[in-house]
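These notes are about the structure you will find just below.
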Amino acid sequence: MTPSRVLVVGASAAGLATAEALRRKGYRGTLTLLGDEPHPPYDRPPLSKQVLAGSRTPDTTRLRTPEVLAALDAELLLGDPAVHLDPRTRTVRTASGRELGADAVVVATGLRARNLPGTDAEGVHVLRTLDDALALRSGLLAARRLVVVGEGVLGCEIAATARSMGLDVTLAGPRPGPMLAQFGPAVSELLAALHTANGVHLRLGHAVTGLTTAEGRVTGVRLDTDEVLPADVVAVAIGGDPATGWLADSGLRIENGLVCDARCRAAEGVYAVGDVASWHHELFDAPMRLENRTNATEQAVAVAANILGADLPYVPVPYFWTDQFDARIQAHGRLGPDAGVTVVEGDPETGRFVARYERDGRVTGVLGWSMPKQARLRRQEIGGPVPSLEPSAP
């Protein structure tokens, strides 16, 4: 039965996309978006690049104009975090004391940025929200030396952006190469060369054990070798945790996110979408949780359809991209350090290539380095047996 009231908890990309998909599919009932931030829905990928660099202003990150939001005919409740969910009655209580009931609840609360223990010194930043990005930019404009803690995608993007702003940048992290966990050693080595060529100092393969401070302000980052990396500003980019704390007493299963079935359903009338959702991926026969902008939109469409009775499994080919210096890297499928990697088009020496990732005789992923069209065409190989290395048609 089609619900008459839908409540979406989380007013960022995934939550907004869910609301819009419901309307596109003909839903005409009551629709409410509840957000913990005071800002209207905005896009996060530009935060670590254009917003941090100052080439885009905060208002340009808004996902929709006020007129388009008004046409959605949804109640937008901002700056009021959810603090409790009763899944039996599908009632959400907020920090201000609101009680919001619905026939279907969509959890789209995203992530909370992790920080280092004891990092209350001035000059230490995380980057998850628009306010985080503006605070970090302000710090960088007054600084000379930045240390980025974390060698994943966000840390690498912050390092690249800060170098473009003229700062002395050091990238630190426990893994021996940038984005090693995501791309594996072969591509990680190329990424390390890219950062080094652009002046980023790499101090990787060592854990960060703490910070040094003076008069309440950060002065450096200490490694497990006891070496101290001098810093005026420190950006902590060590990942995020699914924002599920408000669900702790709900009785729902929480394990690396809100656990859902293949339909992204956590309980009768309760769904999850975006970074917070851990669902059963039927193609890979495994739990999956994706932290990227593409998934936020695609999963929202699937959840909207299932709320309206479609009963379809969500089986996407994972996809994300990252822009660092002059390289746009696009990743389709499941990559990782344990896969075999073969360059199938282009040449890494030229800075343009496509690599295929394979496990047990099957293609699991495709990576394009500044070859977006060719990588997208190769995406269709994922899930099938490893093809021969014949050149593809132009």
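As shown in the structure tokens, the chain order sets the letters A, B, ...; within each chain, residues go from 1, and ligands are also counted from 1 in the order they appear.
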List the spatial neighbours of Leu252 (chain A) as a list of chain:residue names - criterion: any atom at most 10 Å away, only C-alpha atoms, same-chain residues fewer than 4 positions off excluded.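 My list of contacting residues is A:Leu85, A:Asp86, A:Pro87, A:Leu247, A:Ala248, A:Leu258, A:Val259, A:Cys260, A:Ala266, A:Ala267, A:Val270.
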Extract, using only C-alpha atoms, all DNA, RNA and protein residues at most 8 Å from Val233 (chain A), discarding same-chain residues fewer than 6 positions from it, and format them as a VMD selection string. chain A and resid 123 to 125 139 to 140 143 145 to 147 218 to 219
Output file for the residues above (all heavy atoms, as an mmCIF file, in the first residue's frame):
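Final file, result09.cif:
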```
data_model
loop_
_atom_site.group_PDB
_atom_site.id
_atom_site.type_symbol
_atom_site.label_atom_id
_atom_site.label_comp_id
_atom_site.auth_asym_id
_atom_site.auth_seq_id
_atom_site.Cartn_x
_atom_site.Cartn_y
_atom_site.Cartn_z
ATOM 1 N N GLY A 123 43.702 24.967 15.124
ATOM 2 C CA GLY A 123 44.439 24.644 13.911
ATOM 3 C C GLY A 123 44.262 23.221 13.434
ATOM 4 O O GLY A 123 44.816 22.834 12.407
ATOM 5 N N VAL A 124 43.465 22.408 14.158
ATOM 6 C CA VAL A 124 43.197 21.025 13.753
ATOM 7 C C VAL A 124 41.783 20.971 13.162
ATOM 8 O O VAL A 124 40.820 21.427 13.791
ATOM 9 C CB VAL A 124 43.310 20.062 14.947
ATOM 10 C CG1 VAL A 124 43.057 18.621 14.486
ATOM 11 C CG2 VAL A 124 44.679 20.180 15.589
ATOM 12 N N HIS A 125 41.669 20.413 11.969
ATOM 13 C CA HIS A 125 40.403 20.427 11.249
ATOM 14 C C HIS A 125 40.047 19.048 10.715
ATOM 15 O O HIS A 125 40.931 18.238 10.407
ATOM 16 C CB HIS A 125 40.483 21.374 10.042
ATOM 17 C CG HIS A 125 40.740 22.800 10.399
ATOM 18 N ND1 HIS A 125 39.737 23.723 10.540
ATOM 19 C CD2 HIS A 125 41.907 23.456 10.648
ATOM 20 C CE1 HIS A 125 40.262 24.899 10.855
ATOM 21 N NE2 HIS A 125 41.577 24.760 10.937
ATOM 22 N N GLY A 139 41.822 28.642 7.783
ATOM 23 C CA GLY A 139 43.088 28.264 8.392
ATOM 24 C C GLY A 139 44.229 28.205 7.393
ATOM 25 O O GLY A 139 45.348 28.654 7.674
ATOM 26 N N LEU A 140 43.959 27.680 6.212
ATOM 27 C CA LEU A 140 45.008 27.559 5.184
ATOM 28 C C LEU A 140 45.470 28.924 4.689
ATOM 29 O O LEU A 140 46.651 29.118 4.388
ATOM 30 C CB LEU A 140 44.497 26.727 4.008
ATOM 31 C CG LEU A 140 44.196 25.255 4.286
ATOM 32 C CD1 LEU A 140 43.739 24.548 3.015
ATOM 33 C CD2 LEU A 140 45.403 24.540 4.885
ATOM 34 N N ALA A 143 48.139 30.167 6.871
ATOM 35 C CA ALA A 143 49.185 29.191 7.214
ATOM 36 C C ALA A 143 50.243 29.091 6.115
ATOM 37 O O ALA A 143 50.033 29.527 4.978
ATOM 38 C CB ALA A 143 48.554 27.827 7.454
ATOM 39 N N ARG A 145 52.420 25.908 6.445
ATOM 40 C CA ARG A 145 52.681 24.477 6.419
ATOM 41 C C ARG A 145 51.439 23.698 6.846
ATOM 42 O O ARG A 145 50.885 23.937 7.910
ATOM 43 C CB ARG A 145 53.837 24.123 7.353
ATOM 44 C CG ARG A 145 55.167 24.768 6.989
ATOM 45 C CD ARG A 145 56.190 24.568 8.077
ATOM 46 N NE ARG A 145 55.727 25.139 9.360
ATOM 47 C CZ ARG A 145 56.476 25.196 10.455
ATOM 48 N NH1 ARG A 145 57.697 24.693 10.454
ATOM 49 N NH2 ARG A 145 55.985 25.717 11.567
ATOM 50 N N LEU A 146 51.035 22.757 6.008
ATOM 51 C CA LEU A 146 49.892 21.886 6.293
ATOM 52 C C LEU A 146 50.360 20.445 6.359
ATOM 53 O O LEU A 146 51.108 19.987 5.485
ATOM 54 C CB LEU A 146 48.836 22.015 5.189
ATOM 55 C CG LEU A 146 47.730 20.948 5.175
ATOM 56 C CD1 LEU A 146 46.785 21.131 6.359
ATOM 57 C CD2 LEU A 146 46.961 20.972 3.863
ATOM 58 N N VAL A 147 49.899 19.725 7.370
ATOM 59 C CA VAL A 147 50.053 18.266 7.404
ATOM 60 C C VAL A 147 48.665 17.659 7.293
ATOM 61 O O VAL A 147 47.762 18.010 8.056
ATOM 62 C CB VAL A 147 50.744 17.777 8.688
ATOM 63 C CG1 VAL A 147 50.756 16.245 8.741
ATOM 64 C CG2 VAL A 147 52.177 18.304 8.753
ATOM 65 N N VAL A 218 48.135 23.860 17.510
ATOM 66 C CA VAL A 218 48.913 22.760 16.976
ATOM 67 C C VAL A 218 50.209 23.270 16.349
ATOM 68 O O VAL A 218 50.250 24.325 15.706
ATOM 69 C CB VAL A 218 48.089 21.961 15.941
ATOM 70 C CG1 VAL A 218 47.862 22.760 14.651
ATOM 71 C CG2 VAL A 218 48.745 20.618 15.621
ATOM 72 N N THR A 219 51.287 22.506 16.562
ATOM 73 C CA THR A 219 52.581 22.855 15.972
ATOM 74 C C THR A 219 53.170 21.720 15.148
ATOM 75 O O THR A 219 54.133 21.924 14.419
ATOM 76 C CB THR A 219 53.596 23.243 17.059
ATOM 77 O OG1 THR A 219 53.744 22.137 17.972
ATOM 78 C CG2 THR A 219 53.133 24.476 17.822
#
```
How close does each residue of region 221-305 of chain A get to region 169-184 of chain A, giving the shortest atom pair and distance in Å to one decimal for every residue with an atom at most 12 Å away, counting only C-alpha atoms, sorted by chain and residue number, as CSV?
```
residue,atom,partner,partner_atom,distance
A:Val221,CA,A:Ala172,CA,8.9
A:Arg222,CA,A:Ala172,CA,10.0
A:Leu223,CA,A:Ala172,CA,8.6
A:Asp224,CA,A:Pro174,CA,9.5
A:Thr225,CA,A:Pro174,CA,11.6
A:Glu227,CA,A:Ala172,CA,11.6
A:Val228,CA,A:Ala172,CA,11.1
A:Leu229,CA,A:Thr170,CA,7.9
A:Pro230,CA,A:Thr170,CA,9.1
A:Ala231,CA,A:Thr170,CA,8.8
A:Asp232,CA,A:Val169,CA,10.5
A:Val233,CA,A:Val169,CA,9.9
A:Val234,CA,A:Thr170,CA,9.7
A:Ala235,CA,A:Leu171,CA,9.7
A:Val236,CA,A:Ala172,CA,9.8
A:Ala237,CA,A:Gly173,CA,9.5
A:Ile238,CA,A:Gly173,CA,8.5
A:Gly239,CA,A:Gly173,CA,11.8
```
Selected residues written out with C-alpha atoms, as an mmCIF file, in the first residue's frame:
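The result, written out as selection_22.cif:
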```
data_model
loop_
_atom_site.group_PDB
_atom_site.id
_atom_site.type_symbol
_atom_site.label_atom_id
_atom_site.label_comp_id
_atom_site.auth_asym_id
_atom_site.auth_seq_id
_atom_site.Cartn_x
_atom_site.Cartn_y
_atom_site.Cartn_z
ATOM 1 C CA VAL A 221 52.192 15.792 13.974
ATOM 2 C CA ARG A 222 54.107 13.034 15.752
ATOM 3 C CA LEU A 223 54.720 9.701 13.992
ATOM 4 C CA ASP A 224 55.406 6.310 15.537
ATOM 5 C CA THR A 225 59.074 6.838 14.634
ATOM 6 C CA GLU A 227 59.552 12.140 14.153
ATOM 7 C CA VAL A 228 57.525 15.368 14.346
ATOM 8 C CA LEU A 229 56.182 16.883 11.128
ATOM 9 C CA PRO A 230 55.949 20.670 11.640
ATOM 10 C CA ALA A 231 52.540 22.165 10.926
ATOM 11 C CA ASP A 232 50.640 25.414 11.203
ATOM 12 C CA VAL A 233 47.435 23.591 10.275
ATOM 13 C CA VAL A 234 46.508 19.892 10.436
ATOM 14 C CA ALA A 235 43.719 18.343 8.363
ATOM 15 C CA VAL A 236 42.525 15.003 9.744
ATOM 16 C CA ALA A 237 41.116 12.807 6.966
ATOM 17 C CA ILE A 238 40.958 9.340 8.519
ATOM 18 C CA GLY A 239 37.479 8.443 7.359
#
```
Excluding region 94-109 of chain A and its own-chain neighbours fewer than 2 positions away, which residues fall within 8 Å of it when counting only C-alpha atoms? Please give them as a ChimeraX atom specification. /A:3-12,14-15,80-84,89-92,111,242-244,269-277,307
What separation in Å, quoted to one decimal, exists between CA of Val303 (chain A) and CA of Gly251 (chain A)?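 Between these atoms lies a distance of 21.3 Å.
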So which residues touch region 346-356 of chain A within 10 Å, counting only C-alpha atoms, skipping near sequence neighbours fewer than 2 positions away, as a ChimeraX atom specification? /A:186-187,190,194,326-332,335,339-344,358,363-376,378-379,381-382,386
DSSP on the backbone, strand (DSSP E or B) only: what residues of region 278-355 of chain A does that give? Format it as number ranges by chain. A: 278-281, 286-288, 319-324, 327-333, 340-347, 352-355
Measure the distance from CA of Ala13 (chain A) to CA of Phe284 (chain A) in Å and round it to one decimal. 25.4 Å
Between A:Leu312, A:Ala19, A:Leu47, A:Ala214, which one has atoms that come closest to Arg62 (chain A), using only C-alpha atoms?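 Looking at the shortest contact to Arg62 (chain A), the residue is A:Leu47.
Shortest separation to Asp323 (chain A) among A:His39, A:Arg28, A:Lys49, A:Arg137 occurs at residue A:Lys49, atoms counted being only C-alpha atoms.
Of note, CA of Trp279 (chain A) and CA of Arg263 (chain A) are spaced 7.7 Å apart.
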